[in-house]
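Enquirer: Pasting in a structure now, in structure tokens, and then I'll have a few things to ask.
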Amino acid sequence: MSSADASALLLSVKLACVTTMVLMAIGIPLAWWLARSRGFVASMANVLVALPLVLPPSVLGFYLLLAMGPNGPIGAVTQSMSIGSLAFSFEGLVVASVLYSLPFVVQPLQAAFASVPQRMLDATATLGTKPMEVFLRVALPMSRRGLLVSAILGFAHTIGEFGVVLMIGGSIPDETRVVSVQIYDHVEALDYASAHQLSLTLVVFSILVLTLVYWIWDGSHSRSSEAAQ
Amino acid sequence: MNGLRVQLNGLAYRNFALDVDFAVTSGTCTGIFGRSGSGKSTLLRCIAGVQHIPGEIHWNNEAWLNRETRVAAHIRRAAMVFQSPTLLPHRTVEQNLNQGLRHSPKGDRTTVAKLAGQFELTNLLQRAAGSLSGGQQQRVALARAVAASPPVLLLDEPLTGLDSEAQDKMLQVLMRLQQTGQTILFVSHSASALGLLANHIIVISDGVQTLQGTSQEIFEHPLAPQPLTAQAGVMLRNGKVAENNGGLARVVFGDVEFQVASTLLDGASLNLRILADDVSIALPTTGVTSIMNSLPSIISSVAVTDANPMALLTLDCKGVRLLSRITQKALQKLGVGQGDAVEAQVKSAAIIAFPTDAGHDP
């Protein structure tokens with residue numbers, strides 16, 4: 001593997017790690033709120049969270065590029081903070097990845113939170129437990145498999161991104177050239193051997209990740225069906 | 001006032017309103033009786049503060065709910081034990097108990113070991129809560145609620161779904177708890193559980209409170225639902241076993257003796273619950289009968305209503321009060337009334353006996 005390939009792989013892993021941390025920080029409170037809210041605002045929030053599932057990545061990337069540009073709302077904020085434009089930077093990739101992978105983290109979390117029986121939360125509250133403590137001591141531990149699955153899916157999905165990354169980041173070595181872009185560059189240069197090598201690495205990685213996810217998910221389901229008996 | 005005051009009137013769900021107004025004296029056990037879907041559990045949830053209906057709720061002089069105030073559940077600390085499991089299944093029994101202990105005010109704090117002993121959980125402390133039977137889980141949930149030293153303990157059908165052995169154990173635990181002076185409000189559609197535990201009873205039908213009073217008043221009330229009137233009876237306290245002959249104990253209350261099926265030995269102290277439906281009366285012309293307890297008594301009162309073919313007789317048996325429910329037709333056949341001498345007949349097998357550390361006077 002060339003040093004450029006290794007660097008692209010490393011950048012992808014770094015991007016996935018940072019994105020997953022941001023996703024969990026945003027996703028946990030958001031999913032908790034969505035799991036316990038009804039009404040128009042919550043429905044619209046659900047729609048917005050799910051939007052990246054149906055939109056072509058290039059559409060999301062295009063609008064993000066505009067938003068991060070000097071005339072866009074995000075660009076205006078970053079420029080007023082003297083950060084400059086986020087487009088074609090690692091930070092820009094993180095923002096784009098967080099938005100693109102949001103449903104993959106929020107939806108499993110939302111399902112996990114919704115499956116915690118309300119009476120468990122109520123019973124704990126009546127013991128004198130404050131709402132935040134009920135969340136930390138009951139809701140989170142009861143949803144721990146959902147948390148793990150969400151984090152893995154968020155991480156894996158970020159590793160596999162291409163369209164959004166290409167639109168926002170381009171292909172700047174060590175800055176925005178992640179592994180999927182590197183493969184694309186290899187193919188464009190007709191260097192199929194290198195493309196194969198990186199692609200196979202991703203195939204093996206994806207199989208491992210999905211095996212892990214299904215193993216955790218099956219474990220949680222068989223346990224909950226045992227508990228139901 | 002000292003205790004809980006509840007006045008609620010409003011929609012709980014679409015097409016279902018709750019309308020109740022009652023007070024619970026501190027240190028007593030109040031049973032809420034009603035059919036499934038009558039709003040009993042909703043009422044408990046409102047008192048706990050996890051559901052809201054317009055009205056007023058006060059604990060002592062503290063407002064939990066009124067027009068201006070709605071105190072959150074975690075501040076009310078009215079610990080509620082639900083009918084279905086609410087323990088953390090992956091945590092041990094000890095960790096679950098600690099969840100309650102953590103919130104107990106410092107002065108009231110008990111220990112895990114003491115709680116485990118009180119609720120018969122000593123051998124289960126290190127087991128995962130999710131691996132316990134339904135009855136064991138309910139006892140842990142009850143112990144966890146008691147651990148938090150709640151001002152009032154709310155129990156939603158604590159016996160439902162348990163097998164008879166688990167029910168008996170739970171009943172004994174609840175009877176002991178009742179004697180500690182813990183204020184308890186419990187929901188049940190089991191009239192016999194109310195008969196054993198409740199000092200006061202509130203009857204709810206389709207969300208509306210229809211009756212309230214002491215257990216005795218409700219059980220003897222002509223308009224009470226049939227399962228409750230079947231619980232009319234007496235609790236005789238602190239009888240002494242004078243002799244036990246092959247599982248048939250002679251239990252003495254002053255000048256009156258009962259033959260009771262019990263394995264307790266001489267000198268043991270017993271409480272007896274005798275239901276009115278299990279007491280017949282006969283004219284004092286001693287005929288041959290299989291009934292072991294034939295007790296000379298005077299009819300001190302007769303309660304009859306046109307709506308009910310049964311008559312409820314209060315009997316004075318040498319100072320011991322007994323109740324007997326017989327048909328009005330049988331009363332006419334015997335030709336007896338208030339002030340007449342009769343024999344009260346009670347089957348030994350019908351008398352429910354408890355060691356005195358478990359029973360109480362309802």
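Ordered as shown in the structure tokens, chains take letters A, B, and onward, while each chain numbers its residues from 1 and ligands are numbered from 1 in the order shown.
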Chain A near chain B within 10 Å: what's each residue's closest atom pair and its distance in Å to one decimal, counting only C-alpha atoms, ordered by chain then ascending residue number, as CSV?
Expert:
residue,atom,partner,partner_atom,distance
A:Pro117,CA,B:Thr86,CA,8.2
A:Gln118,CA,B:Thr86,CA,9.3
A:Arg119,CA,B:Thr86,CA,6.6
A:Met120,CA,B:Thr86,CA,4.6
A:Leu121,CA,B:Thr86,CA,8.2
A:Asp122,CA,B:Val50,CA,6.3
A:Ala123,CA,B:Met80,CA,5.8
A:Thr124,CA,B:Thr86,CA,8.1
A:Ala125,CA,B:His74,CA,4.9
A:Thr126,CA,B:Ala79,CA,4.6
A:Leu127,CA,B:Ala79,CA,5.0
A:Gly128,CA,B:His74,CA,4.0
A:Thr129,CA,B:His74,CA,5.4
A:Lys130,CA,B:His74,CA,5.8
A:Pro131,CA,B:His74,CA,7.8
A:Val134,CA,B:His74,CA,9.8
A:Arg137,CA,B:Gln99,CA,9.2
A:Val138,CA,B:Leu88,CA,7.2
A:Ala139,CA,B:Leu88,CA,10.0
A:Pro141,CA,B:Leu88,CA,8.7
A:Met142,CA,B:Leu88,CA,7.7
A:Arg223,CA,B:Gly130,CA,9.9
A:Ser224,CA,B:Pro89,CA,9.9
A:Glu226,CA,B:Gly130,CA,9.2
A:Ala227,CA,B:Gly130,CA,6.5
A:Ala228,CA,B:Gly130,CA,9.7
Enquirer: Got time to write the residues from that selection, C-alpha atoms, as a PDB file, in the first residue's frame?
Expert:
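Saved as selection19.pdb:
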ATOM      1  CA  PRO A 117     -41.000   1.143  29.131  1.00  0.00           C
ATOM      2  CA  GLN A 118     -42.404   4.436  30.414  1.00  0.00           C
ATOM      3  CA  ARG A 119     -43.320   2.769  33.709  1.00  0.00           C
ATOM      4  CA  MET A 120     -39.606   2.091  34.387  1.00  0.00           C
ATOM      5  CA  LEU A 121     -38.839   5.784  34.039  1.00  0.00           C
ATOM      6  CA  ASP A 122     -41.906   6.734  36.103  1.00  0.00           C
ATOM      7  CA  ALA A 123     -41.162   4.242  38.875  1.00  0.00           C
ATOM      8  CA  THR A 124     -37.593   5.537  39.148  1.00  0.00           C
ATOM      9  CA  ALA A 125     -38.793   9.153  39.231  1.00  0.00           C
ATOM     10  CA  THR A 126     -41.213   8.410  42.083  1.00  0.00           C
ATOM     11  CA  LEU A 127     -38.277   7.140  44.177  1.00  0.00           C
ATOM     12  CA  GLY A 128     -36.983  10.721  44.141  1.00  0.00           C
ATOM     13  CA  THR A 129     -34.699  10.460  41.109  1.00  0.00           C
ATOM     14  CA  LYS A 130     -34.212  13.704  39.134  1.00  0.00           C
ATOM     15  CA  PRO A 131     -35.068  13.616  35.390  1.00  0.00           C
ATOM     16  CA  VAL A 134     -33.457   8.896  35.363  1.00  0.00           C
ATOM     17  CA  ARG A 137     -29.277   5.633  35.253  1.00  0.00           C
ATOM     18  CA  VAL A 138     -32.249   3.995  33.499  1.00  0.00           C
ATOM     19  CA  ALA A 139     -32.757   5.130  29.893  1.00  0.00           C
ATOM     20  CA  PRO A 141     -28.185   1.659  30.389  1.00  0.00           C
ATOM     21  CA  MET A 142     -31.407   0.100  29.072  1.00  0.00           C
ATOM     22  CA  ARG A 223     -32.281 -11.110  25.667  1.00  0.00           C
ATOM     23  CA  SER A 224     -35.376  -8.957  25.523  1.00  0.00           C
ATOM     24  CA  GLU A 226     -36.069 -13.960  27.293  1.00  0.00           C
ATOM     25  CA  ALA A 227     -36.981 -11.118  29.644  1.00  0.00           C
ATOM     26  CA  ALA A 228     -40.492 -11.032  28.166  1.00  0.00           C
TER      27      ALA A 228
END
Enquirer: Using only C-alpha atoms, determine which residues lie at most 8 Å from B:Leu265, disregarding the query and same-chain residues fewer than 6 positions distant; provide the list as a list in words.
Expert: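 Using only C-alpha atoms, the neighbours found are Val241, Glu243, Asn244 and Ala249 of chain B.
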Enquirer: Can you list every residue in stretch 89-277 of chain B that DSSP puts in strand (DSSP E or B), as a VMD selection string?
Expert: chain B and resid 92 128 152 to 156 183 to 188 200 to 205 208 to 214 233 to 245 248 to 253 256 to 261 269 to 275
Enquirer: Between atom CA of B:Arg325 and atom CA of B:Asp277, what is the distance in Å, rounded to a tenth?
Expert: 5.2 Å
Enquirer: Of the residues B:Leu315, B:Ala276, B:Val140, B:Ile352, which is the one nearest to B:Thr327, using only C-alpha atoms?
Expert: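 Answer, going by the shortest atom-to-atom distance: B:Ala276.
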